[in-house]
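*Asks:* Structure below; questions to follow.
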Amino acid sequence: MMPPVGYILIILILHKTMPVIKKPILLIIAILISQFTYAQHLFKGKVIDDITHQPIEYATVSTSGKTTTTDASGNFQLSLPADTATLSVSFIGYSTKQLKAINSGDILIQISRGTIDLEEVRISPNLDNASFHTLSALDLSLRPVNSSQDLLRLVPGLFIAQHMGGGKAEQIFIRGFDADHGTDLNISVDGLPVNMVSHIHGQGYADLHFMIPETISTYDFGKGPYYTDKGDFTTAGYLNYTTKDALDKSMISLEAGQFNTFRIAGVIDLLSGKAKQKGTNAYIAGEYNYTDGPFDFAEHYKRFNLFGKFTTMLNADNKLSVSASTFSTGWRASGEIPERAVAGGTTAINDNGDPYKVSAATPTIGRFAAIDSAQGGKSTRTNAIIKLVTDLKNDLILENQLYYTNYTFLLHVNSTFFAEDPVNGDEKQQYEARDMFGYNSKLMKHNYFGNSVLNSSLGLSSRFDRTYGTEYSNVIEQYGFLDYISKGDIKQNNTGIYLDETLQSGKWLLNVSTRLDYFNFGFHDTTKTSVIISPKLNVEYTASQAVQFYLKAGKGFHSNNAIAVIGNNGLQTLPAAYGVDIGLNWKPVPHLYINAALWYLYLQQEFIYTDDGDIAPGGKTRREGIDLSARYQLAKWLFADLNVNLAKSRLVDSAKNTGYLALAPTFTSTGGLDFKFDNGINGGLSYRYMHSRPGNNTNTLIADGYCVTDLKLNYTQKRYELGLSIENLFNTEWNEFEAERVSRLKNEASPVDQMSFTPGTPFFAKLRVAVFF
C-alpha cells in the first residue's frame with residue numbers, strides 16, 4: 001500500500017495542474033485519504049441496557065484518545081490503527097464498562113445501571129444535540145417527576161404558567177418569548193406533533209396533559225431554528241419526549257395532598273423476561289388526577305389518562321412499535337383578576353347562578369377568588385402511532401411512521417368581564433373537534449472514510465388537520481348562545497421534505513441542510529397555498545474531550561392561523577425566523593459540565609393575541625441573549641445545577657422607549673441541589689426565578705417577578721418508595737401569570753387598562769407511596 005505521503009504528493013501534483021475551482025475539492029480529498037490510510041480497522045457494535053435489552057442513544061465509546069457516541073439504535077463505529085482495542089463505554093446513570101474487542105464482527109455491549117458520575121461524561125463531535133442531551137439525561141436521572149409540568153420545567157430556560165384552570169395547555173416562556181401556548185416552540189412525543197395548527201385558542205396550542213410522566217424514557221431539546229427535521233413552530237426551538245419501549249419494573253403509586261388533591265398512577269409490564277430477550281415488549285399505563293386547587297372557587301379539576309405500547313423485532317432487520325393513548329379532562333376556572341379588584345376590596349359581583357358564593361364574613365375579592373365563575377372547560381385527545389425501523393444493510397436505515405389524533409376542546413373564558421358588553425358581559429366560548437393524520441419518513445446513510453464519517457438524511461413529513469365546526473362565540477351563562485364571532489371548518493395540510501448532510505472529520509463537524517415546506521390553508525370554501533425554504537449551517541470544533549466550540553445558523557418559521565390567513569388581515573402566512581448561536585461545551589474540571597451560548601434571533605413578523613382572541617400583526621422583532629447551564633458534582637451523592645438566561649426583546653422599527661415585547665422574559669434562572677444516598681434517601685431543593693418584565697410595549701405596565709422554592713424528599717427501596725414534595729416551600733405570594741387587560745367590572749363606569757393576574761400556588765404539600773414489582 002502506498003504510504004500517506006505518496007497520496008499527498010499525487011494530490012499536490014494534481015492540485016498544481018487543475019483549474020483553481022477544483023483545488024479546494026482536491027485538498028478535502030487529500031485530507032480524507034490521508035486519514036483513511038492511518039485507520040484501517042473498523043470496530044462496529046451496539047450498546048444496550050442489560051435489563052430491558054433496549055438500545056442506548058448517546059452512550060460514549062472511547063479508546064486511545066478517540067471518542068464516538070451511539071446513535072438512536074445504539075450503534076457505534078470506530079476506525080483504529082490496530083485490530084484489537086480496549087473500549088470504554090459510559091452513559092449517565094450507568095456503570096462504566098471496559099472490554100477488549102477484536103474487529104471480527106459486530107460487538108454487543110450490555111451496560112448496567114449504576115451511580116451517576118459526571119467524570120464519565122465525555123464531549124465528542126455529535127450534531128444531534130449531545131450537549132443538551134447530557135443536561136437532560138442528568139436532570140431526568142436526578143429529579144423525580146410526576147406531571148407533565150415537571151417535565152417541561154426540566155428544560156433549561158423554559159418557564160410555564162397556568163391562567164385559566166389546570167386543564168389548559170401551559171403558557172410557555174423561553175428565550176425572550178412569551179410563546180403563548182406553543183407558537184414558537186415545536187413540541188412532540190415520539191414524533192407525534194403536540195402543537196395544534198389553527199387552534200381556536202391560539203396558533204400552535206400544545207397541550208401535553210395526555211403524557212404520563214412515568215412512561216417517559218428521555219427527552220431532547222434544541223434552542224433556535226437550526227434543526228432540519230423540525231419544521232413548523234421551530235423558532236425559539238424544539239422539545240421532543242420519547243416514551244419507553246420497555247420497562248425495567250412495574251409500578252403503582254398513590255399521591256395525596258392539600259386542596260383535596262390526589263393521584264393514582266400505574267405502569268404495568270405485560271410480558272415476561274424471556275419475551276424481552278427476544279426483542280418483544282408490551283406495557284400499559286394509566287393515571288387519574290383530581291384537585292380543587294388553592295382557589296376559593298374549587299377547580300374540580302379531573303383528568304384520566306391511558307397509554308399502551310408494544311414493540312417487537314419482526315426479524316433481525318425490522319423493529320415495529322405500536323402505541324396508543326387517550327385522555328379526558330374537565331375543570332372550572334377562577335381566571336384572571338384585575339389588580340384593582342383585590343387592592344380596592346371590590347365586592348364579588350357575578351356568580352352567574354353558580355353555587356359558588358363569597359362568604360358574608362369575607363364579602364370582598366381576595367387573590368384566590370373568582371369574578372366570573374362560569375369559566376372553565378373540557379378536552380379530550382386520543383392518539384395512535386405505528387413506527388417501523390428497517391435496517392437496509394450497508395449502513396442504511398429507513399424509518400416510517402404513521403400517526404392519528406382525534407381531539408376535542410371546549411372553553412368558556414372571560415378576562416375583560418363587561419368591557420365590550422356592559423349588559424351581557426364578555427364571556428366567550430371556544431370549541432373545536434379535530435382529526436389529525438400524519439406520516440414521517442427518514443432514510444439515513446452512514447458513509448465511513450477512515451476517521452471521517454458522512455451522515456446523510458433524506459426526510460419527508462406530511463400532516464393533515466381537519467376541524468369540524470370550529471367556533472368562537474359570545475355567550476352568557478343564563479341565556480346561552482348570543483352570536484358567532486367566527487365559525488366554520490378548517491382544512492390544513494403541511495408537507496415538508498429535507499436533506500441533511502453532516503461531515504465529521506477529526507475534531508471538526510460540518511452540517512449543511514435545507515428544508516422545504518408546502519402549506520395549504522382552507523377555511524369555509526376558500527383556500528390558499530404557500531411555500532417556504534429553510535436552510536441551516538452548523539459547525540463544531542471539538543478541541544478535546546473537555547472543550548467544544550460550535551456555531552449554529554439557520555432559518556425557521558411558524559405558520560399563521562388558517563382563519564387569519566384566509567381573512568388576509570395584514571398577517572404574513574409563514575413569517576420566517578433567522579437565528580445564530582455561538583456556543584461552548586466545557587469541562588474545566590472532571591465533575592463540572594458547562595454549556596454557554598450567545599444567540600440572536602430575528603422574526604419577520606410577531607403575532608399579537610388580543611383580548612377578543614384575534615391575531616394582530618406585531619411587526620418585525622429581534623431578540624438577543626445569553627444562555628448558561630452548569631452541572632457540578634460536589635460529592636458522590638450531591639449534585640448542583642444552575643441555569644441563567646438573559647434576553648433582550650424588541651420590535652425592530654419602534655420609537656425610543658417603546659417597542660418592548662409584552663411579557664417577554666428578560667432574566668430567568670433555575671437551580672438547586674440534588675442528592676442521592678446509597679441507602680435510598682434522595683431528593684432535592686430547587687428554585688425558579690423570573691425577573692419583572694414589561695407588561696406592555698411602552699413598559700408602563702409591569703409583570704411582577706417572583707422566586708419560588710420547591711422541595712422533594714424520597715426514600716427509595718427495591719420494592720417501594722415513599723415521597724414528600726412541597727411546592728412553594730416558603731409560602732411566597734407570587735403571580736403565576738400576568739397580562740395587560742382592558743377590563744370593566746360591573747359597577748365601573750368605563751373600562752380600565754391594567755394588569756390582571758392569576759395567583760401562584762401557595763405552600764402545597766403532597767405525600768406519595770409507590771410499589772414496584
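Labels used: A, B, ... for chains in the order of the C-alpha cells, numbers from 1 for residues in each chain, and numbers from 1 for ligands as shown.
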Contacts of range 404-411 of chain A at 9 Å or less, counting only C-alpha atoms, minus same-chain residues fewer than 4 places along, as a PyMOL selection string?
*Replies:* chain A and resi 168+192+200-201+375-385+428-438
*Asks:* Could you give me, as JSON lines, a per-residue list for range 185-290 of chain A showing, wherever an atom lies at most 12 Å from an atom of range 616-637 of chain A, the closest pair of atoms and their distance in Å to one decimal, using only C-alpha atoms and sorting by chain then residue number from low to high?
*Replies:*
```
{"residue": "A:Lys223", "atom": "CA", "partner": "A:Asp627", "partner_atom": "CA", "distance": 9.9}
{"residue": "A:Gly224", "atom": "CA", "partner": "A:Arg623", "partner_atom": "CA", "distance": 11.1}
{"residue": "A:Thr235", "atom": "CA", "partner": "A:Arg623", "partner_atom": "CA", "distance": 11.2}
{"residue": "A:Ala236", "atom": "CA", "partner": "A:Arg623", "partner_atom": "CA", "distance": 10.0}
```
*Asks:* Might you pull out every residue within 9 Å of Trp734 in chain A, with only C-alpha atoms counted and same-chain residues fewer than 4 positions away left off, and present them as a ChimeraX atom specification?
*Replies:* /A:704-708,759-762
*Asks:* Per residue of range 182-217 of chain A within 9 Å of range 266-287 of chain A, record the nearest atom pair and its distance in Å to one decimal, counting only C-alpha atoms, with rows in chain order and ascending residue number, as a Markdown table.
*Replies:*
```
| residue | atom | partner | partner_atom | distance |
| --- | --- | --- | --- | --- |
| A:Ile212 | CA | A:Glu287 | CA | 7.3 |
| A:Glu214 | CA | A:Val267 | CA | 7.2 |
| A:Thr215 | CA | A:Ala285 | CA | 7.4 |
```
*Asks:* Write a file of the just-selected residues containing N, CA and C atoms, as a compact mmCIF listing (two decimals), in the first residue's frame.
*Replies:*
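selection.txt written:
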```
# COMPACT_ATOMS: atom_id res chain seq x y z
N ILE A 212 -48.15 10.66 30.25
CA ILE A 212 -47.95 10.13 31.60
C ILE A 212 -46.46 10.15 31.90
N GLU A 214 -44.42 8.82 34.00
CA GLU A 214 -43.71 7.57 34.30
C GLU A 214 -43.38 6.76 33.05
N THR A 215 -43.97 7.11 31.90
CA THR A 215 -43.68 6.40 30.66
C THR A 215 -42.54 7.04 29.86
```
*Asks:* Would you please work out which residue, of A:Pro535, A:Pro144, A:Gly506, A:Gly222, is nearest to Arg768 in chain A when using only C-alpha atoms?
*Replies:*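 That would be A:Pro144, the residue with the smallest distance to Arg768 in chain A.
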*Asks:* Where does DSSP see strand (DSSP E) in range 118-325 of chain A, if you list the residues as a PyMOL selection string?
*Replies:* chain A and resi 159-161+171-174+177-178+185-189+192-193+195-196+205-206+216-223+237-243+251-257+261-269+281-291+301-315+318-325
*Asks:* I want to know what sits within 7 Å of range 711-728 of chain A, based on only C-alpha atoms, with residues of the same chain fewer than 3 positions away left out; could you give that as a list of chain:residue names?
*Replies:*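 My list of contacting residues is A:Gly680, A:Ile681, A:Asn682, A:Gly683, A:Gly684, A:Leu685, A:Ser686, A:Val708, A:Asn731, A:Thr732, A:Pro762, A:Phe763, A:Phe764, A:Ala765, A:Lys766, A:Leu767, A:Arg768, A:Val769, A:Ala770, A:Val771, A:Phe772, A:Phe773.
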*Asks:* Between CA of Ser743 in chain A and CA of Ser415 in chain A, what is the spacing in Å?
*Replies:*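 We find that CA of Ser415 in chain A and CA of Ser743 in chain A lie 7.1 Å from each other.
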*Asks:* Looking only at the backbone, which of the residues in range 459-638 of chain A does DSSP tag as alpha helix (DSSP H), as a ChimeraX atom specification?
*Replies:* /A:562-567
*Asks:* Generate a file of the selected residues that holds all heavy atoms, formatted as a PDB file, in the first residue's frame.
*Replies:*
```pdb
ATOM      1  N   ALA A 562     -55.208  29.503  10.050  1.00  0.00           N
ATOM      2  CA  ALA A 562     -55.884  29.453   8.752  1.00  0.00           C
ATOM      3  C   ALA A 562     -56.978  30.512   8.629  1.00  0.00           C
ATOM      4  O   ALA A 562     -57.173  31.087   7.547  1.00  0.00           O
ATOM      5  CB  ALA A 562     -56.475  28.058   8.526  1.00  0.00           C
ATOM      6  N   ILE A 563     -57.693  30.797   9.717  1.00  0.00           N
ATOM      7  CA  ILE A 563     -58.758  31.812   9.656  1.00  0.00           C
ATOM      8  C   ILE A 563     -58.171  33.178   9.344  1.00  0.00           C
ATOM      9  O   ILE A 563     -58.710  33.936   8.535  1.00  0.00           O
ATOM     10  CB  ILE A 563     -59.542  31.838  10.984  1.00  0.00           C
ATOM     11  CG1 ILE A 563     -60.187  30.466  11.263  1.00  0.00           C
ATOM     12  CG2 ILE A 563     -60.590  32.928  10.973  1.00  0.00           C
ATOM     13  CD1 ILE A 563     -60.872  30.375  12.605  1.00  0.00           C
ATOM     14  N   ALA A 564     -57.013  33.481   9.966  1.00  0.00           N
ATOM     15  CA  ALA A 564     -56.353  34.763   9.703  1.00  0.00           C
ATOM     16  C   ALA A 564     -55.757  34.803   8.301  1.00  0.00           C
ATOM     17  O   ALA A 564     -55.767  35.839   7.642  1.00  0.00           O
ATOM     18  CB  ALA A 564     -55.268  35.010  10.750  1.00  0.00           C
ATOM     19  N   VAL A 565     -55.221  33.657   7.849  1.00  0.00           N
ATOM     20  CA  VAL A 565     -54.635  33.599   6.509  1.00  0.00           C
ATOM     21  C   VAL A 565     -55.696  33.892   5.448  1.00  0.00           C
ATOM     22  O   VAL A 565     -55.500  34.701   4.543  1.00  0.00           O
ATOM     23  CB  VAL A 565     -54.000  32.217   6.254  1.00  0.00           C
ATOM     24  CG1 VAL A 565     -53.647  32.043   4.775  1.00  0.00           C
ATOM     25  CG2 VAL A 565     -52.759  32.047   7.112  1.00  0.00           C
ATOM     26  N   ILE A 566     -56.836  33.229   5.573  1.00  0.00           N
ATOM     27  CA  ILE A 566     -57.910  33.433   4.595  1.00  0.00           C
ATOM     28  C   ILE A 566     -58.499  34.835   4.728  1.00  0.00           C
ATOM     29  O   ILE A 566     -58.877  35.469   3.751  1.00  0.00           O
ATOM     30  CB  ILE A 566     -59.016  32.374   4.763  1.00  0.00           C
ATOM     31  CG1 ILE A 566     -58.420  30.966   4.579  1.00  0.00           C
ATOM     32  CG2 ILE A 566     -60.154  32.599   3.789  1.00  0.00           C
ATOM     33  CD1 ILE A 566     -57.733  30.740   3.265  1.00  0.00           C
ATOM     34  N   GLY A 567     -58.550  35.354   5.970  1.00  0.00           N
ATOM     35  CA  GLY A 567     -59.078  36.700   6.195  1.00  0.00           C
ATOM     36  C   GLY A 567     -58.187  37.794   5.638  1.00  0.00           C
ATOM     37  O   GLY A 567     -58.641  38.922   5.415  1.00  0.00           O
TER      38      GLY A 567
END
```
*Asks:* Between A:Ile174, A:Leu454, A:Ile397, A:Ala72, which is the closest to Leu646 in chain A once you count only C-alpha atoms?
*Replies:*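 Residue with the minimum atom-to-atom distance to Leu646 in chain A: A:Ile174.
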*Asks:* Need the shell around Lys393 in chain A: protein/DNA/RNA residues with any atom at most 12 Å away, counting only C-alpha atoms. Skip same-chain ones fewer than 3 positions apart. Format as a PyMOL selection string?
*Replies:* chain A and resi 316-318+390+396-398+444-446
*Asks:* Those selected residues, please, written with N, CA, C and O atoms and delivered as a CSV table (one decimal), in the first residue's frame.
*Replies:*
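Printed below is again_18.csv as written:
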```csv
chain,number,residue,atom,x,y,z
A,316,ALA,N,-34.5,-9.9,12.2
A,316,ALA,CA,-33.3,-9.2,12.6
A,316,ALA,C,-33.1,-7.8,12.1
A,316,ALA,O,-32.4,-7.0,12.6
A,317,ASP,N,-33.9,-7.4,11.0
A,317,ASP,CA,-33.7,-6.1,10.4
A,317,ASP,C,-34.9,-5.2,10.6
A,317,ASP,O,-34.8,-4.0,10.1
A,318,ASN,N,-36.0,-5.6,11.2
A,318,ASN,CA,-37.2,-4.8,11.3
A,318,ASN,C,-37.7,-4.7,12.7
A,318,ASN,O,-38.0,-5.7,13.3
A,390,THR,N,-36.3,-0.1,9.7
A,390,THR,CA,-35.7,-1.1,8.9
A,390,THR,C,-34.2,-0.9,8.7
A,390,THR,O,-33.8,0.2,8.2
A,396,LEU,N,-27.4,1.6,6.1
A,396,LEU,CA,-28.6,2.4,5.6
A,396,LEU,C,-29.8,2.0,6.4
A,396,LEU,O,-30.1,0.8,6.6
A,397,ILE,N,-30.4,3.0,7.0
A,397,ILE,CA,-31.6,2.8,7.9
A,397,ILE,C,-32.8,3.6,7.4
A,397,ILE,O,-32.7,4.7,6.9
A,398,LEU,N,-34.0,2.9,7.4
A,398,LEU,CA,-35.2,3.6,6.9
A,398,LEU,C,-36.2,3.6,8.1
A,398,LEU,O,-36.5,2.5,8.7
A,444,MET,N,-31.6,7.2,6.3
A,444,MET,CA,-30.3,7.6,6.8
A,444,MET,C,-29.2,6.7,6.3
A,444,MET,O,-29.3,5.5,6.3
A,445,LYS,N,-28.1,7.3,5.9
A,445,LYS,CA,-27.0,6.6,5.4
A,445,LYS,C,-25.7,7.1,6.1
A,445,LYS,O,-25.5,8.3,6.2
A,446,HIS,N,-24.9,6.1,6.6
A,446,HIS,CA,-23.6,6.5,7.1
A,446,HIS,C,-22.5,6.0,6.1
A,446,HIS,O,-22.5,4.9,5.7
```
*Asks:* When you look at Arg367 in chain A with a cut-off of 10 Å (counting only C-alpha atoms), what residues show up, excluding the ones that are within fewer than 2 positions of it in the same chain? I need them as JSON, numbers by chain.
*Replies:* {"A": [295, 296, 336, 337, 338, 339, 341, 342, 343, 365, 369, 370, 733, 735, 757, 758, 759, 760]}
*Asks:* Mind writing the picked residues with all heavy atoms as a compact mmCIF listing (two decimals), in the first residue's frame?
*Replies:*
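Contents of part34.txt, freshly written:
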```
# COMPACT_ATOMS: atom_id res chain seq x y z
N PHE A 295 -57.91 27.75 45.06
CA PHE A 295 -58.85 28.84 44.81
C PHE A 295 -60.10 28.73 45.66
O PHE A 295 -60.54 27.63 46.02
CB PHE A 295 -59.21 28.87 43.32
CG PHE A 295 -58.02 29.05 42.43
CD1 PHE A 295 -57.37 27.96 41.88
CD2 PHE A 295 -57.53 30.32 42.17
CE1 PHE A 295 -56.27 28.12 41.07
CE2 PHE A 295 -56.42 30.50 41.36
CZ PHE A 295 -55.78 29.40 40.80
N ASP A 296 -60.69 29.88 45.96
CA ASP A 296 -61.95 29.89 46.73
C ASP A 296 -63.05 29.17 45.95
O ASP A 296 -63.90 28.51 46.53
CB ASP A 296 -62.38 31.34 47.00
CG ASP A 296 -61.35 32.11 47.80
OD1 ASP A 296 -60.56 31.47 48.51
OD2 ASP A 296 -61.34 33.35 47.71
N GLU A 336 -58.51 35.21 35.56
CA GLU A 336 -57.63 36.33 35.88
C GLU A 336 -58.41 37.43 36.61
O GLU A 336 -59.59 37.66 36.33
CB GLU A 336 -57.03 36.90 34.59
CG GLU A 336 -56.23 35.87 33.80
CD GLU A 336 -56.01 36.32 32.37
OE1 GLU A 336 -56.19 37.52 32.08
OE2 GLU A 336 -55.68 35.45 31.54
N ILE A 337 -57.71 38.09 37.52
CA ILE A 337 -58.34 39.13 38.34
C ILE A 337 -57.59 40.45 38.13
O ILE A 337 -56.35 40.48 38.24
CB ILE A 337 -58.30 38.76 39.83
CG1 ILE A 337 -59.04 37.45 40.07
CG2 ILE A 337 -58.91 39.87 40.67
CD1 ILE A 337 -58.96 36.96 41.50
N PRO A 338 -58.27 41.55 37.82
CA PRO A 338 -57.59 42.85 37.72
C PRO A 338 -56.98 43.24 39.07
O PRO A 338 -57.57 42.97 40.14
CB PRO A 338 -58.71 43.81 37.33
CG PRO A 338 -59.79 42.95 36.76
CD PRO A 338 -59.70 41.65 37.49
N GLU A 339 -55.81 43.86 39.01
CA GLU A 339 -55.13 44.25 40.25
C GLU A 339 -56.02 45.13 41.13
O GLU A 339 -56.03 45.00 42.35
CB GLU A 339 -53.84 45.00 39.91
CG GLU A 339 -52.77 44.13 39.29
CD GLU A 339 -51.53 44.92 38.91
OE1 GLU A 339 -51.63 46.17 38.79
OE2 GLU A 339 -50.46 44.30 38.73
N ALA A 341 -59.16 45.09 41.55
CA ALA A 341 -60.27 44.39 42.21
C ALA A 341 -59.86 43.91 43.59
O ALA A 341 -60.64 43.98 44.55
CB ALA A 341 -60.73 43.22 41.36
N VAL A 342 -58.61 43.44 43.71
CA VAL A 342 -58.13 42.97 45.01
C VAL A 342 -57.68 44.15 45.86
O VAL A 342 -58.01 44.24 47.05
CB VAL A 342 -56.97 41.97 44.81
CG1 VAL A 342 -56.38 41.56 46.15
CG2 VAL A 342 -57.45 40.76 44.03
N ALA A 343 -56.95 45.07 45.26
CA ALA A 343 -56.43 46.22 46.01
C ALA A 343 -57.54 47.08 46.57
O ALA A 343 -57.42 47.63 47.67
CB ALA A 343 -55.51 47.05 45.11
N ILE A 365 -63.26 40.56 47.19
CA ILE A 365 -62.48 39.64 46.36
C ILE A 365 -61.07 39.53 46.90
O ILE A 365 -60.38 40.53 47.08
CB ILE A 365 -62.46 40.13 44.91
CG1 ILE A 365 -63.85 39.99 44.30
CG2 ILE A 365 -61.45 39.36 44.06
CD1 ILE A 365 -63.93 40.47 42.87
N ALA A 369 -59.95 34.46 44.61
CA ALA A 369 -61.38 34.48 44.34
C ALA A 369 -61.64 34.42 42.83
O ALA A 369 -60.71 34.41 42.02
CB ALA A 369 -62.01 35.73 44.93
N ALA A 370 -62.93 34.40 42.47
CA ALA A 370 -63.35 34.41 41.07
C ALA A 370 -64.33 35.55 40.86
O ALA A 370 -65.16 35.83 41.72
CB ALA A 370 -64.00 33.08 40.70
N GLU A 733 -45.89 34.79 48.18
CA GLU A 733 -47.04 35.32 47.45
C GLU A 733 -46.55 35.76 46.07
O GLU A 733 -45.77 36.70 45.96
CB GLU A 733 -47.67 36.49 48.20
CG GLU A 733 -48.94 37.02 47.54
CD GLU A 733 -49.58 38.15 48.33
OE1 GLU A 733 -50.16 37.88 49.41
OE2 GLU A 733 -49.49 39.32 47.87
N ASN A 735 -47.40 35.85 41.53
CA ASN A 735 -48.35 35.75 40.44
C ASN A 735 -47.79 34.81 39.37
O ASN A 735 -46.74 35.09 38.78
CB ASN A 735 -48.62 37.12 39.83
CG ASN A 735 -49.32 38.05 40.79
OD1 ASN A 735 -50.00 37.61 41.72
ND2 ASN A 735 -49.15 39.35 40.59
N PHE A 757 -54.11 39.28 36.82
CA PHE A 757 -53.19 38.23 37.24
C PHE A 757 -53.93 36.97 37.67
O PHE A 757 -55.12 37.01 38.02
CB PHE A 757 -52.31 38.71 38.40
CG PHE A 757 -53.05 38.87 39.70
CD1 PHE A 757 -53.08 37.82 40.62
CD2 PHE A 757 -53.71 40.05 40.01
CE1 PHE A 757 -53.77 37.95 41.83
CE2 PHE A 757 -54.41 40.18 41.20
CZ PHE A 757 -54.44 39.13 42.11
N THR A 758 -53.21 35.87 37.61
CA THR A 758 -53.64 34.61 38.22
C THR A 758 -52.63 34.29 39.31
O THR A 758 -51.42 34.20 39.03
CB THR A 758 -53.68 33.47 37.20
OG1 THR A 758 -54.62 33.80 36.18
CG2 THR A 758 -54.08 32.17 37.86
N PRO A 759 -53.05 34.13 40.56
CA PRO A 759 -52.10 33.91 41.64
C PRO A 759 -51.41 32.56 41.53
O PRO A 759 -51.99 31.58 41.04
CB PRO A 759 -52.96 33.98 42.90
CG PRO A 759 -54.33 33.60 42.44
CD PRO A 759 -54.45 34.12 41.04
N GLY A 760 -50.16 32.52 41.97
CA GLY A 760 -49.42 31.26 42.00
C GLY A 760 -49.78 30.44 43.23
O GLY A 760 -50.28 30.95 44.24
```
